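Trainee: So I've got this file, final00.cif, and it contains mmCIF, C-alpha atoms:
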data_query
#
loop_
_atom_site.label_atom_id
_atom_site.label_comp_id
_atom_site.auth_asym_id
_atom_site.auth_seq_id
_atom_site.Cartn_x
_atom_site.Cartn_y
_atom_site.Cartn_z
CA MET A 28 3.95 10.00 21.30
CA VAL A 29 5.06 7.56 18.59
CA ALA A 30 2.59 9.02 16.08
CA THR A 31 3.94 12.51 16.84
CA PHE A 32 7.50 11.35 16.13
CA LEU A 33 6.33 9.71 12.90
CA ASN A 34 4.52 12.92 11.90
CA THR A 35 7.82 14.75 12.42
CA PHE A 36 9.63 12.30 10.13
CA VAL A 37 7.00 12.80 7.39
CA ASN A 38 7.00 16.58 7.83
CA HIS A 39 10.79 16.63 7.50
CA SER A 40 11.10 13.97 4.81
CA ASP A 41 13.21 16.35 2.75
CA ILE A 42 15.91 15.87 5.42
CA VAL A 43 15.05 12.55 7.14
CA LYS A 44 15.56 9.92 4.45
CA ILE A 45 15.38 6.80 6.61
CA ALA A 46 14.49 5.88 10.19
CA ASN A 47 14.12 2.56 11.98
CA LEU A 48 13.08 0.96 15.24
CA ALA A 49 15.89 -1.18 16.61
CA GLN A 50 13.86 -3.45 18.89
CA MET A 51 10.96 -5.08 17.02
CA VAL A 52 10.20 -7.89 19.50
CA ASN A 53 10.35 -7.75 23.35
CA VAL A 54 12.49 -5.35 25.45
CA ILE A 55 11.17 -1.93 24.20
CA ALA A 56 9.21 -3.31 21.29
CA PRO A 57 5.78 -2.97 19.69
CA ILE A 58 5.29 -6.76 19.94
CA PHE A 59 5.77 -8.63 23.23
CA THR A 60 6.00 -12.41 23.32
CA SER A 61 6.28 -15.20 25.89
CA ASP A 62 6.11 -18.98 25.84
CA THR A 63 2.34 -18.77 26.18
CA GLY A 64 1.38 -15.90 23.89
CA MET A 65 1.91 -12.39 22.65
CA PHE A 66 0.38 -8.93 22.77
CA LEU A 67 0.60 -5.75 20.74
CA GLN A 68 2.03 -2.85 22.69
CA THR A 69 0.35 0.56 22.30
CA ILE A 70 3.15 1.77 20.00
CA TYR A 71 2.40 -1.03 17.53
CA TYR A 72 -0.69 0.63 16.08
CA PRO A 73 0.79 3.95 14.86
CA LEU A 74 3.86 2.13 13.53
CA GLN A 75 1.69 -0.32 11.60
CA LEU A 76 -0.67 2.36 10.26
CA PHE A 77 2.11 4.67 9.10
CA ALA A 78 3.95 1.75 7.46
CA ALA A 79 0.82 0.52 5.69
CA HIS A 80 -0.58 3.83 4.49
CA THR A 81 1.79 6.82 4.58
CA ARG A 82 3.70 6.81 1.32
CA GLY A 83 4.15 8.94 -1.74
CA LYS A 84 4.71 12.66 -1.57
CA ALA A 85 4.70 14.40 1.80
CA LEU A 86 2.40 17.41 1.81
CA GLU A 87 2.84 20.68 3.63
CA LEU A 88 -0.25 21.45 5.70
CA PHE A 89 -1.65 24.67 7.08
CA VAL A 90 -3.13 23.86 10.49
CA GLU A 91 -5.08 26.08 12.86
CA SER A 92 -5.79 24.41 16.16
CA PRO A 93 -6.50 25.29 19.79
CA LYS A 94 -3.23 25.55 21.73
CA TYR A 95 -1.80 24.96 25.17
CA THR A 96 1.16 26.75 26.73
CA SER A 97 4.43 24.94 27.37
CA LYS A 98 7.23 26.52 29.43
CA GLN A 99 9.82 25.27 26.96
CA PHE A 100 7.99 25.71 23.62
CA GLY A 101 5.42 28.46 24.23
CA ASP A 102 2.09 27.93 22.46
CA VAL A 103 1.77 24.36 21.15
CA PRO A 104 -1.14 23.25 18.94
CA TYR A 105 -3.22 20.37 20.27
CA LEU A 106 -3.46 18.88 16.77
CA ASP A 107 -0.23 17.46 15.38
CA THR A 108 -0.51 16.45 11.71
CA SER A 109 1.20 15.07 8.65
CA ALA A 110 -0.08 14.09 5.22
CA ALA A 111 1.00 12.17 2.15
CA TYR A 112 -0.44 11.88 -1.34
CA ASP A 113 0.01 8.79 -3.51
CA ASN A 114 -1.84 7.69 -6.67
CA GLY A 115 -4.88 9.86 -5.98
CA THR A 116 -5.17 9.00 -2.28
CA LEU A 117 -4.65 11.45 0.55
CA VAL A 118 -3.49 10.03 3.89
CA LEU A 119 -3.87 12.40 6.81
CA ASN A 120 -2.32 11.55 10.20
CA VAL A 121 -3.70 13.50 13.17
CA VAL A 122 -2.72 13.34 16.84
CA ASN A 123 -5.02 15.09 19.31
CA ARG A 124 -2.76 15.91 22.26
CA SER A 125 -5.63 17.09 24.48
CA ARG A 126 -6.20 14.84 27.47
CA ASP A 127 -9.92 15.50 27.69
CA GLN A 128 -11.29 17.49 24.73
CA ALA A 129 -12.34 16.24 21.32
CA ILE A 130 -11.36 18.70 18.60
CA THR A 131 -13.43 19.10 15.46
CA ALA A 132 -11.46 20.21 12.42
CA GLU A 133 -12.46 21.33 8.97
CA ILE A 134 -10.14 19.78 6.40
CA GLU A 135 -10.01 21.63 3.12
CA ALA A 136 -8.42 20.52 -0.14
CA GLU A 137 -6.80 23.43 -1.95
CA ASP A 138 -6.85 22.30 -5.59
CA LYS A 139 -8.73 18.99 -5.61
CA GLN A 140 -11.96 17.54 -4.21
CA PHE A 141 -12.68 14.71 -1.81
CA SER A 142 -14.44 11.79 -3.43
CA GLY A 143 -16.27 8.86 -1.83
CA ASP A 144 -15.49 6.83 1.25
CA VAL A 145 -13.15 8.11 3.93
CA ALA A 146 -11.47 5.20 5.74
CA ILE A 147 -10.88 6.27 9.34
CA THR A 148 -8.76 4.38 11.84
CA GLU A 149 -8.52 5.71 15.40
CA VAL A 150 -6.00 4.50 17.97
CA ASN A 151 -7.06 5.24 21.50
CA GLY A 152 -7.62 3.88 24.98
CA PRO A 153 -9.49 4.83 28.16
CA ASP A 154 -6.77 7.27 29.31
CA ILE A 155 -3.23 8.42 28.50
CA LYS A 156 -1.68 5.91 30.92
CA ALA A 157 -3.49 2.88 29.43
CA GLU A 158 -1.23 -0.06 28.59
CA ASN A 159 -1.64 -3.39 26.87
CA ASP A 160 -0.39 -6.55 28.54
CA PHE A 161 -0.78 -10.31 28.29
CA GLY A 162 -4.53 -10.89 28.47
CA SER A 163 -5.45 -7.19 28.52
CA ALA A 164 -5.68 -4.95 25.44
CA LYS A 165 -6.84 -1.52 26.62
CA VAL A 166 -5.47 0.38 23.62
CA GLY A 167 -6.34 -0.60 20.07
CA ALA A 168 -7.39 0.57 16.64
CA VAL A 169 -11.03 1.06 15.67
CA GLU A 170 -12.06 1.44 12.04
CA ARG A 171 -15.05 3.28 10.63
CA SER A 172 -15.92 5.16 7.48
CA ALA A 173 -17.59 8.37 6.37
CA GLN A 174 -18.51 9.97 3.07
CA ALA A 175 -16.79 12.99 1.57
CA GLN A 176 -17.65 15.12 -1.44
CA GLY A 177 -16.40 18.55 -2.40
CA LYS A 178 -13.50 20.55 -1.04
CA LYS A 179 -14.27 20.31 2.69
CA LEU A 180 -14.41 17.48 5.20
CA LEU A 181 -15.43 17.87 8.85
CA GLN A 182 -13.86 15.43 11.31
CA SER A 183 -13.83 15.16 15.10
CA PHE A 184 -10.67 13.85 16.75
CA ALA A 185 -11.13 12.18 20.13
CA PRO A 186 -9.06 13.24 23.15
CA HIS A 187 -5.57 11.67 23.42
CA SER A 188 -5.93 9.86 20.09
CA TYR A 189 -4.10 9.18 16.86
CA THR A 190 -6.32 9.06 13.77
CA VAL A 191 -5.47 8.25 10.18
CA LEU A 192 -7.86 9.24 7.37
CA ARG A 193 -7.57 7.84 3.86
CA VAL A 194 -9.61 9.40 1.05
CA LYS A 195 -9.50 9.75 -2.73
CA LEU A 196 -8.91 13.17 -4.25
CA VAL A 197 -10.10 14.05 -7.76
#
Could you write out this file's structure as structure tokens?
Mentor:
Amino acid sequence: MVATFLNTFVNHSDIVKIANLAQMVNVIAPIFTSDTGMFLQTIYYPLQLFAAHTRGKALELFVESPKYTSKQFGDVPYLDTSAAYDNGTLVLNVVNRSRDQAITAEIEAEDKQFSGDVAITEVNGPDIKAENDFGSAKVGAVERSAQAQGKKLLQSFAPHSYTVLRVKLV
């Protein structure tokens, strides 16, 4: 949910100039502490990844995705996305809202080409109700990499996940 809100901020950066999280430690925070330790709440990971990587110019994306039907909003795409471009690097943020289906997407650059390593960080847990607590981290971030050349990149997004991809464009 947090990554979806952050995608909305990026996608409306022409209007939303600043946003903040009031509680950074304890209460409703991404970091919980006690006298004996601390843990990173599930919301920590998208906040940290957006803060570390999503900067520069927000890009408008064309996205085709499978959809589900919502009484309030009609057809809603399972993939929620945002992107930013800074100093030759594309950062793509993707939330797969499906509870149980991975979605493979073809990502195409319109006027540039992908070049080299794609740094991929996926935030996920065993199910949508998974929580972190003192002594138990069920949700976390896993990093991996892939190679990309040319105008197209194929990527699978796990069910109920947030994934950030970082790749050079030339």
Trainee: Apply the PyMOL selection byres ((chain A and resi 144) around 12) to the structure shown and report the selected residues as a list of chain:residue names.
Mentor: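 Applied to this file, the PyMOL selection byres ((chain A and resi 144) around 12) selects A:Thr116, A:Leu117, A:Phe141, A:Ser142, A:Gly143, A:Val145, A:Ala146, A:Ile147, A:Arg171, A:Ser172, A:Ala173, A:Gln174, A:Ala175, A:Gln176, A:Leu180, A:Leu192, A:Arg193, A:Val194, A:Lys195, A:Leu196.
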Trainee: Between A:Val197, A:Val191, A:Ala157, A:Ala132, which one has atoms that come closest to Val118 of chain A, using all atoms listed in the file?
Mentor: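 Of A:Val197, A:Val191, A:Ala157, A:Ala132, the one nearest Val118 of chain A, counting all atoms listed in the file, is A:Val191.
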Trainee: Need to verify the contact set: segment 66-73 of chain A, 12 Å, all atoms listed in the file, exclusion of same-chain residues closer than 3 positions in sequence. Can you return it as number ranges by chain?
Mentor: A: 28-34, 48, 50-63, 76-81, 120-122, 148-152, 155-169, 188-191
Trainee: Export C-alpha atoms of the chosen residues as an mmCIF file, in the coordinates of the input?
Mentor:
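Saved the output as part30.cif:
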data_model
loop_
_atom_site.group_PDB
_atom_site.id
_atom_site.type_symbol
_atom_site.label_atom_id
_atom_site.label_comp_id
_atom_site.auth_asym_id
_atom_site.auth_seq_id
_atom_site.Cartn_x
_atom_site.Cartn_y
_atom_site.Cartn_z
ATOM 1 C CA MET A 28 3.950 10.000 21.300
ATOM 2 C CA VAL A 29 5.060 7.560 18.590
ATOM 3 C CA ALA A 30 2.590 9.020 16.080
ATOM 4 C CA THR A 31 3.940 12.510 16.840
ATOM 5 C CA PHE A 32 7.500 11.350 16.130
ATOM 6 C CA LEU A 33 6.330 9.710 12.900
ATOM 7 C CA ASN A 34 4.520 12.920 11.900
ATOM 8 C CA LEU A 48 13.080 0.960 15.240
ATOM 9 C CA GLN A 50 13.860 -3.450 18.890
ATOM 10 C CA MET A 51 10.960 -5.080 17.020
ATOM 11 C CA VAL A 52 10.200 -7.890 19.500
ATOM 12 C CA ASN A 53 10.350 -7.750 23.350
ATOM 13 C CA VAL A 54 12.490 -5.350 25.450
ATOM 14 C CA ILE A 55 11.170 -1.930 24.200
ATOM 15 C CA ALA A 56 9.210 -3.310 21.290
ATOM 16 C CA PRO A 57 5.780 -2.970 19.690
ATOM 17 C CA ILE A 58 5.290 -6.760 19.940
ATOM 18 C CA PHE A 59 5.770 -8.630 23.230
ATOM 19 C CA THR A 60 6.000 -12.410 23.320
ATOM 20 C CA SER A 61 6.280 -15.200 25.890
ATOM 21 C CA ASP A 62 6.110 -18.980 25.840
ATOM 22 C CA THR A 63 2.340 -18.770 26.180
ATOM 23 C CA LEU A 76 -0.670 2.360 10.260
ATOM 24 C CA PHE A 77 2.110 4.670 9.100
ATOM 25 C CA ALA A 78 3.950 1.750 7.460
ATOM 26 C CA ALA A 79 0.820 0.520 5.690
ATOM 27 C CA HIS A 80 -0.580 3.830 4.490
ATOM 28 C CA THR A 81 1.790 6.820 4.580
ATOM 29 C CA ASN A 120 -2.320 11.550 10.200
ATOM 30 C CA VAL A 121 -3.700 13.500 13.170
ATOM 31 C CA VAL A 122 -2.720 13.340 16.840
ATOM 32 C CA THR A 148 -8.760 4.380 11.840
ATOM 33 C CA GLU A 149 -8.520 5.710 15.400
ATOM 34 C CA VAL A 150 -6.000 4.500 17.970
ATOM 35 C CA ASN A 151 -7.060 5.240 21.500
ATOM 36 C CA GLY A 152 -7.620 3.880 24.980
ATOM 37 C CA ILE A 155 -3.230 8.420 28.500
ATOM 38 C CA LYS A 156 -1.680 5.910 30.920
ATOM 39 C CA ALA A 157 -3.490 2.880 29.430
ATOM 40 C CA GLU A 158 -1.230 -0.060 28.590
ATOM 41 C CA ASN A 159 -1.640 -3.390 26.870
ATOM 42 C CA ASP A 160 -0.390 -6.550 28.540
ATOM 43 C CA PHE A 161 -0.780 -10.310 28.290
ATOM 44 C CA GLY A 162 -4.530 -10.890 28.470
ATOM 45 C CA SER A 163 -5.450 -7.190 28.520
ATOM 46 C CA ALA A 164 -5.680 -4.950 25.440
ATOM 47 C CA LYS A 165 -6.840 -1.520 26.620
ATOM 48 C CA VAL A 166 -5.470 0.380 23.620
ATOM 49 C CA GLY A 167 -6.340 -0.600 20.070
ATOM 50 C CA ALA A 168 -7.390 0.570 16.640
ATOM 51 C CA VAL A 169 -11.030 1.060 15.670
ATOM 52 C CA SER A 188 -5.930 9.860 20.090
ATOM 53 C CA TYR A 189 -4.100 9.180 16.860
ATOM 54 C CA THR A 190 -6.320 9.060 13.770
ATOM 55 C CA VAL A 191 -5.470 8.250 10.180
#
Trainee: Atom CA of Ile130 of chain A to atom CA of Asp107 of chain A: how many Å, to one decimal?
Mentor: 11.7 Å
Trainee: Just how far from atom CA of Pro104 of chain A is atom CA of Val43 of chain A, in Å to one decimal?
Mentor: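 So the answer is 22.7 Å.
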Trainee: Please measure the separation of atom CA of Ser125 of chain A and atom CA of Ala110 of chain A, giving the value in Å to one decimal.
Mentor: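 According to the coordinates, atom CA of Ser125 of chain A and atom CA of Ala110 of chain A are separated by 20.3 Å.
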Trainee: Take the PyMOL selection byres ((chain A and resi 89) around 12), apply it to the structure above, and return the hits as JSON, numbers by chain.
Mentor: {"A": [38, 86, 87, 88, 90, 91, 92, 104, 106, 107, 108, 109, 110, 133, 134, 135, 136, 137]}
Trainee: I would like the residues chosen by the PyMOL selection byres ((chain A and resi 184) around 7) on the shown file; could you give them as a list in words?
Mentor: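 Residues picked by the PyMOL selection byres ((chain A and resi 184) around 7): Asn123, Ala129, Ile130, Thr131, Gln182, Ser183, Ala185 and Pro186 of chain A.
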Trainee: Please return the centre and edge lengths, in Å to one decimal, of a box with edges along x, y and z that contains all listed atoms of segment 150-154 of chain A, widened by 6 Å on every side, as AutoDock Vina command-line options.
Mentor:
--center_x -7.7 --center_y 5.6 --center_z 23.6 --size_x 15.5 --size_y 15.4 --size_z 23.3
Trainee: Can you tell me which residues surround Arg82 of chain A at a distance of at most 8 Å, considering all atoms listed in the file, apart from same-chain residues fewer than 5 positions away, and format the answer as number ranges by chain?
Mentor: A: 111-113
Trainee: Let me make sure I understand: among A:Gln99, A:Leu119, A:Lys178, A:Pro153, which one has the smallest atom-to-atom distance to Val37 of chain A if we use all atoms listed in the file?
Mentor: A:Leu119
